Each structure stands twice: as C-alpha cells, then as structure tokens.
Amino acid sequence: MSSEKDMEIDKGTSIKDEFLVTDPSAVPVMFHNKKNLILKLLIQNEMTIIDLKHKTGMNPGTIKRHLNDLLEFNLIYISREQISDYGIVMKYYIATAKRYKFEMSWP
C-alpha cells in the first residue's frame, strides 16, 4: 500500500572513496568546528536536518546554514527527498566522499 505521503525521490546514495578539493575557499568551511562535525556525521549516514539536530544539539536554522556552505563546495549533496506524514519534504543529506584530499596552488 503506497500513498503520496510515502513517495520518495531517490537521487542515489553512493559515496566516493575520495574527493579532491581544489578550491582554497573550501578550507575554512572544511575546518570550521560545527561544519566539520556535520560532515563527519554525513560520512557515516545520510541524515535530515532533524537527525542532525538530535545528534549535535544545534538549532535547525544553524544546521541549514552549515549545510548550505557544505553544499556550495560539493562536500555533501541531497541524496533523496521524502514527504513526511505532515506533507513536509524531508531532504536527506550525505557526504560526497569518505575522505577529502586537498590539492591547491598559491598564488
């Protein structure tokens, strides 16, 4: 038995072994304490903002801001969306890779 509330959009949850970071602007994002904590959690499992709230104790608005920064540098992505019993689209986030490698040149 399936209803619209159970509808799930799967965008794939494959996680690479390694992701090469070449943008120097990503360094402060990667090493920000709270963003780093979120990234480590998303390497282990896909999670929603509510899941992250329970694991970190952070405010959902703050979590969303950190997720947006991580998304901007392709460090994480939205793996799927699921409609809750209340008709709310729940986005699941997951890390792009298990490990991140930096390669940069300056200037």
# chains A, B, ... in the order shown; residues from 1 in each chain; ligands from 1
$ select_by_dssp --residues "segment 1-101 of chain A" --states "alpha helix (DSSP H)" --output "number ranges by chain"
A: 26-30, 33-44, 49-56, 60-72
$ residues_around --residues "Thr22 of chain A" --least-positions-apart "3" --cutoff "9 Å" --atoms "only C-alpha atoms" --output "list in words"
Ser25, Ala26, Lys101, Phe102, Glu103, Met104 and Ser105 of chain A
$ write_last_selection --atoms "N, CA and C atoms" --output "JSON list (two decimals), in the first residue's frame"
[["chain", "number", "residue", "atom", "x", "y", "z"],
["A", 25, "SER", "N", 38.92, 28.30, -1.10],
["A", 25, "SER", "CA", 37.81, 28.83, -0.30],
["A", 25, "SER", "C", 37.13, 27.75, 0.52],
["A", 26, "ALA", "N", 37.33, 26.50, 0.15],
["A", 26, "ALA", "CA", 36.71, 25.39, 0.87],
["A", 26, "ALA", "C", 37.42, 25.07, 2.19],
["A", 101, "LYS", "N", 40.70, 15.07, -0.01],
["A", 101, "LYS", "CA", 42.11, 15.36, -0.25],
["A", 101, "LYS", "C", 42.21, 16.77, -0.83],
["A", 102, "PHE", "N", 43.16, 17.53, -0.31],
["A", 102, "PHE", "CA", 43.35, 18.91, -0.77],
["A", 102, "PHE", "C", 44.51, 18.99, -1.76],
["A", 103, "GLU", "N", 44.29, 19.71, -2.83],
["A", 103, "GLU", "CA", 45.35, 19.98, -3.79],
["A", 103, "GLU", "C", 45.16, 21.42, -4.27],
["A", 104, "MET", "N", 46.12, 22.28, -3.84],
["A", 104, "MET", "CA", 45.99, 23.69, -4.17],
["A", 104, "MET", "C", 47.33, 24.30, -4.49],
["A", 105, "SER", "N", 47.27, 25.32, -5.29],
["A", 105, "SER", "CA", 48.46, 26.11, -5.60],
["A", 105, "SER", "C", 48.18, 27.56, -5.22]]
$ residues_around --residues "Thr48 of chain A" --least-positions-apart "6" --cutoff "8 Å" --atoms "only C-alpha atoms" --output "number ranges by chain"
A: 90-93
$ closest_residue --among "A:Leu52, A:Arg99, A:Asn45, A:Asn68" --to "Leu20 of chain A" --atoms "only C-alpha atoms"
A:Arg99
$ residues_around --residues "Lys34 of chain A" --least-positions-apart "2" --cutoff "12 Å" --atoms "only C-alpha atoms" --output "compact mmCIF listing (two decimals) with C-alpha atoms, in the first residue's frame"
# COMPACT_ATOMS: atom_id res chain seq x y z
CA PRO A 28 37.75 27.38 6.15
CA VAL A 29 34.48 25.53 5.51
CA MET A 30 36.11 22.13 5.99
CA PHE A 31 37.88 23.14 9.20
CA HIS A 32 35.03 25.04 10.85
CA ASN A 36 33.34 19.53 10.33
CA LEU A 37 31.14 17.75 12.88
CA ILE A 38 28.21 17.73 10.44
CA LEU A 39 30.43 16.48 7.62
CA LYS A 40 31.78 13.64 9.77
CA LEU A 41 28.22 12.59 10.66
CA LEU A 52 21.46 16.33 12.73
CA LYS A 53 19.67 18.42 15.38
CA LYS A 55 22.99 14.32 17.08
CA THR A 56 24.51 17.79 17.54
CA GLY A 57 22.06 19.77 19.68
CA MET A 58 22.34 22.64 17.20
CA ASN A 59 19.46 24.84 16.08
CA THR A 62 22.14 26.98 12.08
CA ILE A 63 22.39 23.46 10.69
CA LYS A 64 20.74 24.60 7.44
CA ARG A 65 23.27 27.42 7.09
CA HIS A 66 26.16 24.98 7.61
CA LEU A 67 24.62 22.51 5.13
CA ASP A 69 28.03 26.05 2.90
CA LEU A 70 28.95 22.37 2.56
$ decode --residues "segment 25-59 of chain A" --atoms "N, CA and C atoms" --output "short mmCIF file (atom, residue, chain, number, x, y, z; two decimals), in the first residue's frame"
data_model
loop_
_atom_site.label_atom_id
_atom_site.label_comp_id
_atom_site.auth_asym_id
_atom_site.auth_seq_id
_atom_site.Cartn_x
_atom_site.Cartn_y
_atom_site.Cartn_z
N SER A 25 38.92 28.30 -1.10
CA SER A 25 37.81 28.83 -0.30
C SER A 25 37.13 27.75 0.52
N ALA A 26 37.33 26.50 0.15
CA ALA A 26 36.71 25.39 0.87
C ALA A 26 37.42 25.07 2.19
N VAL A 27 38.67 25.52 2.32
CA VAL A 27 39.46 25.19 3.51
C VAL A 27 38.79 25.67 4.80
N PRO A 28 38.40 26.96 4.91
CA PRO A 28 37.75 27.38 6.15
C PRO A 28 36.42 26.66 6.41
N VAL A 29 35.74 26.27 5.35
CA VAL A 29 34.48 25.53 5.51
C VAL A 29 34.77 24.15 6.09
N MET A 30 35.77 23.48 5.53
CA MET A 30 36.11 22.13 5.99
C MET A 30 36.58 22.10 7.45
N PHE A 31 37.28 23.15 7.87
CA PHE A 31 37.88 23.14 9.20
C PHE A 31 37.11 23.94 10.24
N HIS A 32 35.92 24.41 9.87
CA HIS A 32 35.03 25.04 10.85
C HIS A 32 34.51 23.93 11.75
N ASN A 33 34.60 24.10 13.06
CA ASN A 33 34.27 23.02 14.02
C ASN A 33 32.89 22.40 13.79
N LYS A 34 31.86 23.21 13.68
CA LYS A 34 30.49 22.69 13.55
C LYS A 34 30.27 22.07 12.17
N LYS A 35 30.78 22.70 11.13
CA LYS A 35 30.64 22.15 9.78
C LYS A 35 31.39 20.82 9.68
N ASN A 36 32.54 20.76 10.32
CA ASN A 36 33.34 19.53 10.33
C ASN A 36 32.59 18.41 11.04
N LEU A 37 31.94 18.73 12.15
CA LEU A 37 31.14 17.75 12.88
C LEU A 37 30.01 17.22 12.00
N ILE A 38 29.30 18.13 11.33
CA ILE A 38 28.21 17.73 10.44
C ILE A 38 28.74 16.86 9.31
N LEU A 39 29.85 17.25 8.71
CA LEU A 39 30.43 16.48 7.62
C LEU A 39 30.81 15.08 8.08
N LYS A 40 31.41 14.96 9.25
CA LYS A 40 31.78 13.64 9.77
C LYS A 40 30.54 12.76 9.99
N LEU A 41 29.46 13.35 10.47
CA LEU A 41 28.22 12.59 10.66
C LEU A 41 27.65 12.14 9.32
N LEU A 42 27.76 13.01 8.31
CA LEU A 42 27.21 12.68 6.99
C LEU A 42 28.09 11.70 6.22
N ILE A 43 29.33 11.54 6.64
CA ILE A 43 30.17 10.50 6.05
C ILE A 43 29.67 9.13 6.53
N GLN A 44 29.16 9.08 7.74
CA GLN A 44 28.69 7.82 8.32
C GLN A 44 27.32 7.41 7.81
N ASN A 45 26.40 8.37 7.69
CA ASN A 45 25.00 8.08 7.31
C ASN A 45 24.36 9.28 6.64
N GLU A 46 23.36 9.02 5.82
CA GLU A 46 22.56 10.14 5.32
C GLU A 46 21.64 10.58 6.45
N MET A 47 21.40 11.89 6.53
CA MET A 47 20.60 12.42 7.63
C MET A 47 19.81 13.64 7.16
N THR A 48 18.72 13.90 7.88
CA THR A 48 17.94 15.11 7.68
C THR A 48 18.42 16.18 8.66
N ILE A 49 17.90 17.36 8.52
CA ILE A 49 18.22 18.43 9.46
C ILE A 49 17.79 18.03 10.87
N ILE A 50 16.64 17.38 10.98
CA ILE A 50 16.16 16.95 12.31
C ILE A 50 17.08 15.88 12.90
N ASP A 51 17.55 14.94 12.07
CA ASP A 51 18.50 13.93 12.55
C ASP A 51 19.76 14.62 13.08
N LEU A 52 20.25 15.60 12.33
CA LEU A 52 21.46 16.33 12.73
C LEU A 52 21.22 17.14 14.01
N LYS A 53 20.03 17.67 14.16
CA LYS A 53 19.67 18.42 15.38
C LYS A 53 19.79 17.50 16.59
N HIS A 54 19.27 16.28 16.47
CA HIS A 54 19.32 15.33 17.59
C HIS A 54 20.76 14.90 17.90
N LYS A 55 21.59 14.76 16.89
CA LYS A 55 22.99 14.32 17.08
C LYS A 55 23.88 15.44 17.61
N THR A 56 23.61 16.69 17.21
CA THR A 56 24.51 17.79 17.54
C THR A 56 23.98 18.75 18.60
N GLY A 57 22.66 18.81 18.76
CA GLY A 57 22.06 19.77 19.68
C GLY A 57 21.99 21.18 19.11
N MET A 58 22.36 21.33 17.84
CA MET A 58 22.34 22.64 17.20
C MET A 58 20.93 23.01 16.75
N ASN A 59 20.71 24.29 16.60
CA ASN A 59 19.46 24.84 16.08
C ASN A 59 19.31 24.46 14.60
#
